[in-house]
Every structure is written in C-alpha cells, then in structure tokens.
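Written below as structure tokens is the structure these notes are about.
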Amino acid sequence: MQHTRTQDTLVGLFVAAGIVALFFLSLQVSNIRSFMPADTYVITARFSNSGGLKVKSPVSVAGVRIGRVSNIYIDKETYESVVEMSIESKYDTLPDDTSATIYTAGLLGEQYINLDPGGSFDYLKNGGRIEITQSAIVLEEVIGRFLFQKAEE
Amino acid sequence: MLHFIQQLGSSTRTGFAKLGRATYFLGHTLTGIVDVAKRPRLLLNQLHSVGVLTFLIITISGLFVGMVLGLQGYNILSDFGSEEALGIMVAASLVRELGPVVTALLFAGRAGSALTAEIGLMKATEQLSGMEMMAVDPVNRIISPRFFAGFLSMPLLAALFSMVGILGGHIVGVGLLGVDDGSYWSQMQANLDFYDDIVNGVIKSIVFGFVTTWIALFEGYDSVPTAEGVSRATTRTVVNSAFAILGLDFILTAMMFGDI
C-alpha cells in the first residue's frame with residue numbers, strides 16, 4: 001500500500017465524523033437526559049375524564065416540566081380515569097393539597113397535567129394521591145353547551 | 001402443464017439451494033473475524049473503500065434531502081400555523097426512516113455493486129482459486145474484511161446522513177424561511193426520545209448494513225465467472241438489496257413503532 005498514511009487519516013476522519021454524528025443525534029436532537037433513569041416517585045390523580053392524555057405526557061408546575069405520566073387506567077368501580085405520574089425526586093415538596101388540571105398546549109397541541117401547589121405543609125410522598133382535580137376540556141362538550149345556551153336565549 | 005409444474009419445482013429448489021449456500025457463506029464469513037483481528041490493516045483498507053468513498057454521496061444526498069424536507073414541511077405546516085414544528089418533522093422523518101433507508105439504498109448502489117463486481121471479477125480471473133491453491137482461505141482473507149467494513153460503516157453513514165439532513169433543514173427552515181431557531185431545536189428535543197428514536201434508527205441501520213453487505217458479497221462470490229455473469233450479479237445485488245431493505249424496514253418499523 002503506497003498511500004497508507006493518507007488512507008489512515010481518511011479512515012480516521014471518517015470514523016470520527018461518524019461518532020460525532022452519533023453524539024450530535026443523541027445530545028442535540030434527542031434529549032438524552034430523558035433517557036437517564038432519574039430517581040422518581042409516583043403519585044396518582046383521579047379524573048372523571050382524562051381526555052387525550054397519554055403515557056409520557058408531561059407533568060408541569062408553573063410551566064416547568066417536573067415529570068411524566070407513567071400509567072393511565074380506569075377504576076372499575078367508580079369509572080374514573082386513574083393517572084399515575086412519575087415525578088422527579090428532586091421536586092419532593094409538593095403540598096398534599098395540590099390540585100391537578102389537564103390543559104392543552106395551544107389550540108391543537110398535546111395535553112399535559114398542570115399541578116397547582118396548595119398551602120399545606122405536609123408533602124406528597126411516593127404513592128400519594130391528589131384529591132383536587134379538574135378534567136380535560138372536551139371541545140365538543142363546550143361547543144354543545146354553548147349551542148344549548150344560545151338556543152335557550 | 002407438467003412442464004410448468006416442473007419449472008416451478010426446479011426454481012423452488014434452486015432458490016432454497018441458493019439460500020442454503022448464502023447461509024453457509026455467512027457463517028464462514030463470520031468466522032473470519034479471527035483473521036480480521038489478526039490483520040487489522042485489511043479491515044482498514046476496506047473501511048477506506050467502503051466507508052470513506054461513500055462518505056461524499058451520503059453527505060451531499062443528506063443535505064439535499066434535509067433541505068427538501070425543510071421546504072416541503074414548511075409549506076404544509078404553515079397552513080396550520082405551526083411552523084415551529086418544522087424541527088421535529090424534519091428530525092423525526094430523518095432519524096426514524098429516511099436516514100437508515102436512503103443511506104442503505106445509496107450504500108447498496110455505491111459500495112454494494114462495487115463489492116460484487118470486485119469479488120465477481122476475482123472469481124472470474126481465478127484469483128480466489130489461486131489463493132485456495134496457496135492454502136489461504138479466500139473467504140476469511142478477502143470476504144470477511146469487506147463484510148465487517150460494511151457492517152461498521154453503515155451506522156456511521158446513516159448517522160451522518162441524519163445529522164447533515166437536520167442541518168440542511170435548519171439552513172432552509174431557519175435561514176431562509178424564518179422559522180425561529182430556538183423552537184426548531186427545542187421542539188425536536190422535547191419530542192424525540194433517545195431510546196425510541198435514535199437507538200431504534202441505529203439498530204435499523206445496523207440491520208441494513210449487515211444485509212446489504214451480505215447480499216453484495218454473496219452475489220459476487222456466487223456469480224457465474226464470466227463477464228455476463230458478473231454484470232448480472234451486480235444488477236441482482238442492487239435489486240435484491242433494495243427489496244431486502246424496504247421489506248425489512250417495514251417489519252422493523254412495525255416492531256419498533258407500531259402496535260402490531
């Protein structure tokens with residue numbers, strides 16, 4: 001091989017570029033921190049209607065994401081939607097009279113849970129339950145109610 | 001009628017025989033990892049001809065695919081007033097599908113056909129038999145380094161394709177059309193998952209690299225050792241690789257992203 005050294009350099013550059021690309025994809029394009037299994041604790045909330053909420057939907061306080069929805073299932077007796085949320089352990093000072101509301105990001109955006117901290121000095125622990133909840137707004141319901149009011153007038 | 005049935009039987013038999021030879025060939029190639037470990041120089045040479053020489057076509061295609069995605073995506077998304085979602089649209093389509101698939105198709109056309117032609121010509125000019133006469137195993141010595149070079153290059157090339165594509169989308173979307181720079185990246189980061197999207201994309205490209213290189217080397221090794229035979233083998237490489245890539249892509253997508 002005559003051009004061994006050039007070849008070595010080119011192969012080295014190629015492999016380095018490939019690895020840079022992989023790092024770019026992991027760090028810049030996806031959020032690798034969400035892959036790191038951060039310490040979390042689970043709290044639940046019951047909604048009469050959880051709307052378009054999905055597993056992995058964000059849970060936020062004052063617009064900052066502090067966790068994700070980890071499970072959604074229906075209570076067989078009360079027909080309520082039970083939503084389990086994994087909250088990062090560093091946010092362990094949620095009062096136990098916190099209220100949960102399902103909001104929509106933008107008009108057509110995805111739905112997320114907003115937590116409104118109350119004033120209690122007892123904090124929610126692992127397995128804790130949020131008592132005060134407000135269901136998702138279903139657009140059809142709102143429009144239906146509006147039309148009904150109009151008709152009454 | 002009888003003739004037709006006979007033909008069906010014979011083509012089934014030759015098909016299965018070829019599949020068997022290909023599997024045996026793959027096993028033999030994989031054992032060559034010992035020789036490759038002993039002589040890393042062989043692998044390096046092949047990384048140059050398989051990887052480095054494919055680099056240019058991959059990056060240029062990636063750039064243009066990303067730019068087209070940026071332009072088309074902007075036109076549709078602006079109808080819904082959600083231009084900010086351009087980043088996630090470009091990145092998701094590149095990382096999940098276009099990166100691995102288009103890279104594999106280009107790889108089959110650029111490197112796969114070259115590998116088939118090279119091996120086929122070696123066979124036609126009896127270089128492989130010559131090595132056997134000297135008690136050198138041609139599969140371990142010639143085929144294995146090429147196989148592992150292709151296998152290693154594919155994920156790197158696919159990652160490069162996606163990266164250049166995302167930057168191309170950024171050039172068109174943010175630079176020319178005026179999408180906000182911050183929302184281009186933040187929407188992407190918020191919605192793409194490291195495991196679900198990036199790792200699955202890399203797994204796809206590893207599978208495609210494995211299959212494409214295997215098909216290319218086997219077609220060359222199995223070719224009829226004449227000028228026409230080599231030319232047919234080269235064509236078969238490109239056609240079969242394309243079928244294998246697109247078919248496997250559907251299966252992998254269904255397994256990774258679908259709820260089938």
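Labels used: A, B, ... for chains in the order of the structure tokens, numbers from 1 for residues in each chain, and numbers from 1 for ligands as shown.
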Sort by chain and increasing residue number a table of all residues of chain A within 7 Å of chain B, each with its closest pair of atoms and their distance in Å to one decimal, counting only C-alpha atoms, and write it as a tab-separated table.
```
residue	atom	partner	partner_atom	distance
A:Gln7	CA	B:His48	CA	6.6
A:Leu10	CA	B:Val52	CA	6.8
A:Val11	CA	B:His48	CA	5.6
A:Phe14	CA	B:Val52	CA	6.0
A:Gly18	CA	B:Leu156	CA	4.3
A:Ile19	CA	B:Leu156	CA	6.7
A:Ala21	CA	B:Leu160	CA	5.2
A:Leu22	CA	B:Ala159	CA	5.6
A:Leu25	CA	B:Met163	CA	6.7
A:Ser26	CA	B:Phe194	CA	6.2
A:Val29	CA	B:Gln189	CA	5.3
A:Ser30	CA	B:Gln189	CA	4.6
A:Asn31	CA	B:Gln189	CA	5.0
A:Ile32	CA	B:Phe194	CA	5.5
A:Phe35	CA	B:Phe194	CA	6.0
```
Suppose we keep N, CA, C and O atoms; can you now write the selection as a PDB file, in the first residue's frame?
```pdb
ATOM      1  N   GLN A   7      -4.503   7.127   3.696  1.00  0.00           N
ATOM      2  CA  GLN A   7      -5.661   6.261   3.901  1.00  0.00           C
ATOM      3  C   GLN A   7      -6.022   6.203   5.386  1.00  0.00           C
ATOM      4  O   GLN A   7      -7.189   6.341   5.746  1.00  0.00           O
ATOM      5  N   LEU A  10      -7.745   9.361   6.352  1.00  0.00           N
ATOM      6  CA  LEU A  10      -9.118   9.456   5.862  1.00  0.00           C
ATOM      7  C   LEU A  10     -10.049   8.553   6.653  1.00  0.00           C
ATOM      8  O   LEU A  10     -11.144   8.956   7.047  1.00  0.00           O
ATOM      9  N   VAL A  11      -9.594   7.306   6.907  1.00  0.00           N
ATOM     10  CA  VAL A  11     -10.440   6.394   7.676  1.00  0.00           C
ATOM     11  C   VAL A  11     -10.670   6.951   9.071  1.00  0.00           C
ATOM     12  O   VAL A  11     -11.788   6.939   9.594  1.00  0.00           O
ATOM     13  N   PHE A  14     -13.163   9.673   8.874  1.00  0.00           N
ATOM     14  CA  PHE A  14     -14.497   9.123   8.615  1.00  0.00           C
ATOM     15  C   PHE A  14     -15.121   8.588   9.896  1.00  0.00           C
ATOM     16  O   PHE A  14     -16.261   8.907  10.241  1.00  0.00           O
ATOM     17  N   GLY A  18     -18.336  10.010  11.921  1.00  0.00           N
ATOM     18  CA  GLY A  18     -19.495   9.176  12.244  1.00  0.00           C
ATOM     19  C   GLY A  18     -19.833   9.230  13.716  1.00  0.00           C
ATOM     20  O   GLY A  18     -21.008   9.339  14.100  1.00  0.00           O
ATOM     21  N   ILE A  19     -18.805   9.177  14.560  1.00  0.00           N
ATOM     22  CA  ILE A  19     -19.062   9.190  16.003  1.00  0.00           C
ATOM     23  C   ILE A  19     -19.597  10.556  16.434  1.00  0.00           C
ATOM     24  O   ILE A  19     -20.525  10.649  17.242  1.00  0.00           O
ATOM     25  N   ALA A  21     -21.391  12.431  14.610  1.00  0.00           N
ATOM     26  CA  ALA A  21     -22.797  12.457  14.184  1.00  0.00           C
ATOM     27  C   ALA A  21     -23.675  11.723  15.190  1.00  0.00           C
ATOM     28  O   ALA A  21     -24.764  12.188  15.537  1.00  0.00           O
ATOM     29  N   LEU A  22     -23.203  10.582  15.683  1.00  0.00           N
ATOM     30  CA  LEU A  22     -23.991   9.828  16.665  1.00  0.00           C
ATOM     31  C   LEU A  22     -24.186  10.649  17.940  1.00  0.00           C
ATOM     32  O   LEU A  22     -25.280  10.690  18.509  1.00  0.00           O
ATOM     33  N   LEU A  25     -26.684  13.387  17.316  1.00  0.00           N
ATOM     34  CA  LEU A  25     -28.067  12.902  17.356  1.00  0.00           C
ATOM     35  C   LEU A  25     -28.514  12.672  18.789  1.00  0.00           C
ATOM     36  O   LEU A  25     -29.641  12.981  19.157  1.00  0.00           O
ATOM     37  N   SER A  26     -27.619  12.111  19.626  1.00  0.00           N
ATOM     38  CA  SER A  26     -28.073  11.808  20.987  1.00  0.00           C
ATOM     39  C   SER A  26     -28.202  13.059  21.830  1.00  0.00           C
ATOM     40  O   SER A  26     -29.107  13.160  22.640  1.00  0.00           O
ATOM     41  N   VAL A  29     -30.229  16.397  19.178  1.00  0.00           N
ATOM     42  CA  VAL A  29     -31.528  16.133  18.561  1.00  0.00           C
ATOM     43  C   VAL A  29     -32.500  15.524  19.557  1.00  0.00           C
ATOM     44  O   VAL A  29     -33.629  15.962  19.694  1.00  0.00           O
ATOM     45  N   SER A  30     -32.057  14.492  20.272  1.00  0.00           N
ATOM     46  CA  SER A  30     -32.951  13.950  21.286  1.00  0.00           C
ATOM     47  C   SER A  30     -32.488  14.481  22.617  1.00  0.00           C
ATOM     48  O   SER A  30     -31.398  14.997  22.742  1.00  0.00           O
ATOM     49  N   ASN A  31     -33.331  14.363  23.596  1.00  0.00           N
ATOM     50  CA  ASN A  31     -32.945  14.845  24.906  1.00  0.00           C
ATOM     51  C   ASN A  31     -32.459  13.658  25.702  1.00  0.00           C
ATOM     52  O   ASN A  31     -33.245  12.893  26.241  1.00  0.00           O
ATOM     53  N   ILE A  32     -31.128  13.474  25.749  1.00  0.00           N
ATOM     54  CA  ILE A  32     -30.601  12.242  26.332  1.00  0.00           C
ATOM     55  C   ILE A  32     -30.921  12.163  27.819  1.00  0.00           C
ATOM     56  O   ILE A  32     -31.047  11.093  28.382  1.00  0.00           O
ATOM     57  N   PHE A  35     -33.556   9.966  28.855  1.00  0.00           N
ATOM     58  CA  PHE A  35     -33.265   8.528  28.807  1.00  0.00           C
ATOM     59  C   PHE A  35     -32.656   8.067  30.119  1.00  0.00           C
ATOM     60  O   PHE A  35     -32.876   6.951  30.579  1.00  0.00           O
TER      61      PHE A  35
END
```
Spatial neighbours of Ile66 in chain A, max dist 8 Å, only C-alpha atoms, sep filter under 4 positions, as an MDAnalysis selection string
chainID A and resid 58:61 87:88 91
Save out the residues we just selected, all heavy atoms, as a tab-separated table (two decimals), in the first residue's frame.
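Result went into result.tsv, see below:
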```
chain	number	residue	atom	x	y	z
A	58	PRO	N	-46.32	15.29	29.50
A	58	PRO	CA	-45.60	16.00	30.56
A	58	PRO	C	-46.48	16.38	31.75
A	58	PRO	O	-47.69	16.58	31.61
A	58	PRO	CB	-45.08	17.25	29.86
A	58	PRO	CG	-45.70	17.30	28.54
A	58	PRO	CD	-46.37	16.03	28.25
A	59	VAL	N	-45.86	16.45	32.92
A	59	VAL	CA	-46.49	16.96	34.12
A	59	VAL	C	-45.69	18.18	34.52
A	59	VAL	O	-44.48	18.10	34.65
A	59	VAL	CB	-46.44	15.92	35.27
A	59	VAL	CG1	-47.05	16.50	36.53
A	59	VAL	CG2	-47.15	14.65	34.88
A	60	SER	N	-46.37	19.32	34.69
A	60	SER	CA	-45.58	20.52	34.96
A	60	SER	C	-46.18	21.34	36.09
A	60	SER	O	-47.36	21.24	36.40
A	60	SER	CB	-45.45	21.37	33.69
A	60	SER	OG	-46.71	21.75	33.24
A	61	VAL	N	-45.30	22.11	36.72
A	61	VAL	CA	-45.71	23.08	37.73
A	61	VAL	C	-45.24	24.44	37.23
A	61	VAL	O	-44.06	24.61	36.91
A	61	VAL	CB	-45.06	22.77	39.10
A	61	VAL	CG1	-45.31	23.92	40.06
A	61	VAL	CG2	-45.60	21.49	39.67
A	87	ILE	N	-42.81	11.65	39.22
A	87	ILE	CA	-42.25	12.98	39.46
A	87	ILE	C	-40.79	12.81	39.88
A	87	ILE	O	-40.46	11.90	40.64
A	87	ILE	CB	-43.03	13.69	40.59
A	87	ILE	CG1	-44.53	13.62	40.35
A	87	ILE	CG2	-42.54	15.12	40.75
A	87	ILE	CD1	-45.01	14.43	39.20
A	88	GLU	N	-39.93	13.65	39.33
A	88	GLU	CA	-38.51	13.55	39.69
A	88	GLU	C	-38.31	13.82	41.18
A	88	GLU	O	-38.93	14.73	41.74
A	88	GLU	CB	-37.70	14.56	38.86
A	88	GLU	CG	-37.59	14.15	37.40
A	88	GLU	CD	-36.90	15.20	36.56
A	88	GLU	OE1	-35.97	15.85	37.07
A	88	GLU	OE2	-37.32	15.38	35.41
A	91	TYR	N	-38.00	17.18	43.07
A	91	TYR	CA	-39.18	18.01	43.34
A	91	TYR	C	-40.06	17.29	44.36
A	91	TYR	O	-41.13	16.79	44.04
A	91	TYR	CB	-39.97	18.26	42.05
A	91	TYR	CG	-39.15	18.87	40.96
A	91	TYR	CD1	-38.81	18.14	39.82
A	91	TYR	CD2	-38.71	20.19	41.05
A	91	TYR	CE1	-38.05	18.70	38.82
A	91	TYR	CE2	-37.94	20.76	40.05
A	91	TYR	CZ	-37.62	20.01	38.94
A	91	TYR	OH	-36.86	20.56	37.94
```
When you look at Leu71 in chain B with a cut-off of 9 Å (counting only C-alpha atoms), what residues show up, excluding the ones that are within fewer than 4 positions of it in the same chain? I need them as a count of residues only.
8
Within 12 Å of range 54-56 of chain A using only C-alpha atoms, minus same-chain residues under 2 positions, as a PyMOL selection string
(chain A and resi 34+50-52+58-59+65-73+81-87+102+110-113) or (chain B and resi 190-193)
Taking C-alpha atoms for each residue, export the selection above as a CSV table (one decimal), in the first residue's frame.
```csv
chain,number,residue,atom,x,y,z
A,34,SER,CA,-34.9,11.9,29.5
A,50,SER,CA,-58.6,12.4,31.2
A,51,GLY,CA,-59.3,13.4,27.6
A,52,GLY,CA,-56.4,12.9,25.2
A,58,PRO,CA,-45.6,16.0,30.6
A,59,VAL,CA,-46.5,17.0,34.1
A,65,ARG,CA,-41.8,20.0,33.4
A,66,ILE,CA,-41.2,18.0,36.6
A,67,GLY,CA,-42.2,14.6,35.5
A,68,ARG,CA,-44.2,12.4,33.1
A,69,VAL,CA,-47.4,10.4,33.1
A,70,SER,CA,-46.4,6.8,33.6
A,71,ASN,CA,-49.7,5.0,33.5
A,72,ILE,CA,-53.4,5.5,32.8
A,73,TYR,CA,-56.1,3.1,33.6
A,81,SER,CA,-59.6,7.6,35.0
A,82,VAL,CA,-56.7,7.0,37.3
A,83,VAL,CA,-53.5,8.7,36.1
A,84,GLU,CA,-50.1,7.7,37.6
A,85,MET,CA,-47.4,10.3,37.4
A,86,SER,CA,-43.6,9.8,37.9
A,87,ILE,CA,-42.3,13.0,39.5
A,102,ILE,CA,-55.5,18.8,32.4
A,110,GLU,CA,-50.9,17.8,23.1
A,111,GLN,CA,-52.4,17.6,26.6
A,112,TYR,CA,-50.5,17.8,29.8
A,113,ILE,CA,-51.1,17.9,33.5
B,190,ALA,CA,-38.8,17.7,23.5
B,191,ASN,CA,-40.4,15.2,21.2
B,192,LEU,CA,-37.6,12.9,20.1
B,193,ASP,CA,-36.7,10.2,22.6
```
Which of chain A fall in strand (DSSP E or B), as a ChimeraX atom specification
/A:40-47,58-61,64-74,81-88,95,99-104,111-116,123,128-130,132-134
Using the selection just defined, write its residues with C-alpha atoms as a compact mmCIF listing (two decimals), in the first residue's frame.
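The resulting selection_29.txt:
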```txt
# COMPACT_ATOMS: atom_id res chain seq x y z
CA THR A 40 -38.71 9.37 40.57
CA TYR A 41 -41.64 8.87 42.87
CA VAL A 42 -45.20 8.08 41.84
CA ILE A 43 -48.34 9.99 42.70
CA THR A 44 -51.84 9.37 41.38
CA ALA A 45 -54.76 11.57 40.49
CA ARG A 46 -58.32 10.65 39.55
CA PHE A 47 -60.14 12.44 36.78
CA PRO A 58 -45.60 16.00 30.56
CA VAL A 59 -46.49 16.96 34.12
CA SER A 60 -45.58 20.52 34.96
CA VAL A 61 -45.71 23.08 37.73
CA VAL A 64 -41.73 23.73 34.18
CA ARG A 65 -41.76 20.01 33.45
CA ILE A 66 -41.18 18.01 36.62
CA GLY A 67 -42.24 14.55 35.49
CA ARG A 68 -44.23 12.44 33.09
CA VAL A 69 -47.43 10.44 33.08
CA SER A 70 -46.39 6.83 33.62
CA ASN A 71 -49.68 4.95 33.50
CA ILE A 72 -53.37 5.55 32.81
CA TYR A 73 -56.11 3.09 33.65
CA ILE A 74 -59.75 3.05 34.56
CA SER A 81 -59.62 7.58 35.00
CA VAL A 82 -56.66 6.96 37.30
CA VAL A 83 -53.48 8.71 36.13
CA GLU A 84 -50.12 7.73 37.63
CA MET A 85 -47.36 10.32 37.36
CA SER A 86 -43.63 9.82 37.89
CA ILE A 87 -42.25 12.98 39.46
CA GLU A 88 -38.51 13.55 39.69
CA PRO A 95 -48.05 20.02 49.22
CA SER A 99 -54.61 20.35 42.57
CA ALA A 100 -54.19 18.78 39.13
CA THR A 101 -55.69 20.12 35.91
CA ILE A 102 -55.47 18.78 32.38
CA TYR A 103 -54.60 21.53 29.94
CA THR A 104 -53.94 21.61 26.22
CA GLN A 111 -52.45 17.60 26.56
CA TYR A 112 -50.48 17.83 29.78
CA ILE A 113 -51.12 17.89 33.51
CA ASN A 114 -50.59 21.13 35.37
CA LEU A 115 -50.12 20.91 39.13
CA ASP A 116 -51.12 23.86 41.27
CA TYR A 123 -45.84 16.93 51.30
CA GLY A 128 -49.62 9.77 47.35
CA ARG A 129 -52.89 10.86 45.86
CA ILE A 130 -54.03 14.25 44.55
CA ILE A 132 -58.50 18.05 43.82
CA THR A 133 -58.63 17.50 40.09
CA GLN A 134 -60.20 19.15 37.10
```
Identify all residues of range 20-165 of chain B in alpha helix (DSSP H) (DSSP on the backbone) and supply them as an MDAnalysis selection string.
chainID B and resid 20:31 33:38 40:46 53:79 86:93 99:107 113:124 127:133 138 144:165
Which neighbours of range 225-231 of chain B fall inside 8 Å, counting only C-alpha atoms, when residues of the same chain fewer than 2 positions from it are skipped, and could you give them as a list of chain:residue names?
B:Thr116, B:Ala117, B:Gly120, B:Leu121, B:Lys123, B:Ala124, B:Thr125, B:Gly220, B:Ser223, B:Ala233, B:Thr234, B:Thr235
What does the file look like for those residues with N, CA, C and O atoms, as an mmCIF file, in the first residue's frame?
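Okay, out-v4.cif is ready:
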```cif
data_model
loop_
_atom_site.group_PDB
_atom_site.id
_atom_site.type_symbol
_atom_site.label_atom_id
_atom_site.label_comp_id
_atom_site.auth_asym_id
_atom_site.auth_seq_id
_atom_site.Cartn_x
_atom_site.Cartn_y
_atom_site.Cartn_z
ATOM 1 N N THR B 116 -19.624 -6.448 -5.258
ATOM 2 C CA THR B 116 -19.994 -7.587 -6.096
ATOM 3 C C THR B 116 -19.095 -7.681 -7.318
ATOM 4 O O THR B 116 -18.586 -8.754 -7.656
ATOM 5 N N ALA B 117 -18.907 -6.539 -7.984
ATOM 6 C CA ALA B 117 -18.093 -6.556 -9.204
ATOM 7 C C ALA B 117 -16.668 -6.993 -8.892
ATOM 8 O O ALA B 117 -16.066 -7.784 -9.624
ATOM 9 N N GLY B 120 -16.691 -10.716 -7.967
ATOM 10 C CA GLY B 120 -17.020 -11.490 -9.171
ATOM 11 C C GLY B 120 -15.844 -11.552 -10.120
ATOM 12 O O GLY B 120 -15.518 -12.608 -10.681
ATOM 13 N N LEU B 121 -15.174 -10.422 -10.287
ATOM 14 C CA LEU B 121 -14.030 -10.389 -11.205
ATOM 15 C C LEU B 121 -12.876 -11.216 -10.655
ATOM 16 O O LEU B 121 -12.168 -11.896 -11.397
ATOM 17 N N LYS B 123 -13.228 -13.812 -8.929
ATOM 18 C CA LYS B 123 -13.583 -15.212 -9.173
ATOM 19 C C LYS B 123 -13.351 -15.552 -10.640
ATOM 20 O O LYS B 123 -12.802 -16.599 -10.961
ATOM 21 N N ALA B 124 -13.775 -14.635 -11.550
ATOM 22 C CA ALA B 124 -13.660 -14.899 -12.984
ATOM 23 C C ALA B 124 -12.200 -15.020 -13.394
ATOM 24 O O ALA B 124 -11.867 -15.804 -14.277
ATOM 25 N N THR B 125 -11.330 -14.258 -12.774
ATOM 26 C CA THR B 125 -9.909 -14.341 -13.137
ATOM 27 C C THR B 125 -9.164 -15.349 -12.254
ATOM 28 O O THR B 125 -7.934 -15.339 -12.203
ATOM 29 N N GLY B 220 -21.464 -11.679 -5.449
ATOM 30 C CA GLY B 220 -20.172 -11.707 -6.132
ATOM 31 C C GLY B 220 -19.527 -13.082 -6.054
ATOM 32 O O GLY B 220 -19.032 -13.615 -7.046
ATOM 33 N N SER B 223 -21.346 -15.651 -8.238
ATOM 34 C CA SER B 223 -21.648 -15.284 -9.620
ATOM 35 C C SER B 223 -21.068 -16.303 -10.592
ATOM 36 O O SER B 223 -20.128 -17.034 -10.272
ATOM 37 N N ALA B 233 -24.747 -10.424 -11.736
ATOM 38 C CA ALA B 233 -24.641 -10.463 -10.274
ATOM 39 C C ALA B 233 -24.713 -9.060 -9.706
ATOM 40 O O ALA B 233 -25.363 -8.825 -8.682
ATOM 41 N N THR B 234 -24.064 -8.093 -10.384
ATOM 42 C CA THR B 234 -24.080 -6.714 -9.893
ATOM 43 C C THR B 234 -25.504 -6.169 -9.892
ATOM 44 O O THR B 234 -25.949 -5.535 -8.936
ATOM 45 N N THR B 235 -26.230 -6.443 -11.001
ATOM 46 C CA THR B 235 -27.620 -5.995 -11.048
ATOM 47 C C THR B 235 -28.427 -6.613 -9.928
ATOM 48 O O THR B 235 -29.196 -5.937 -9.246
#
```
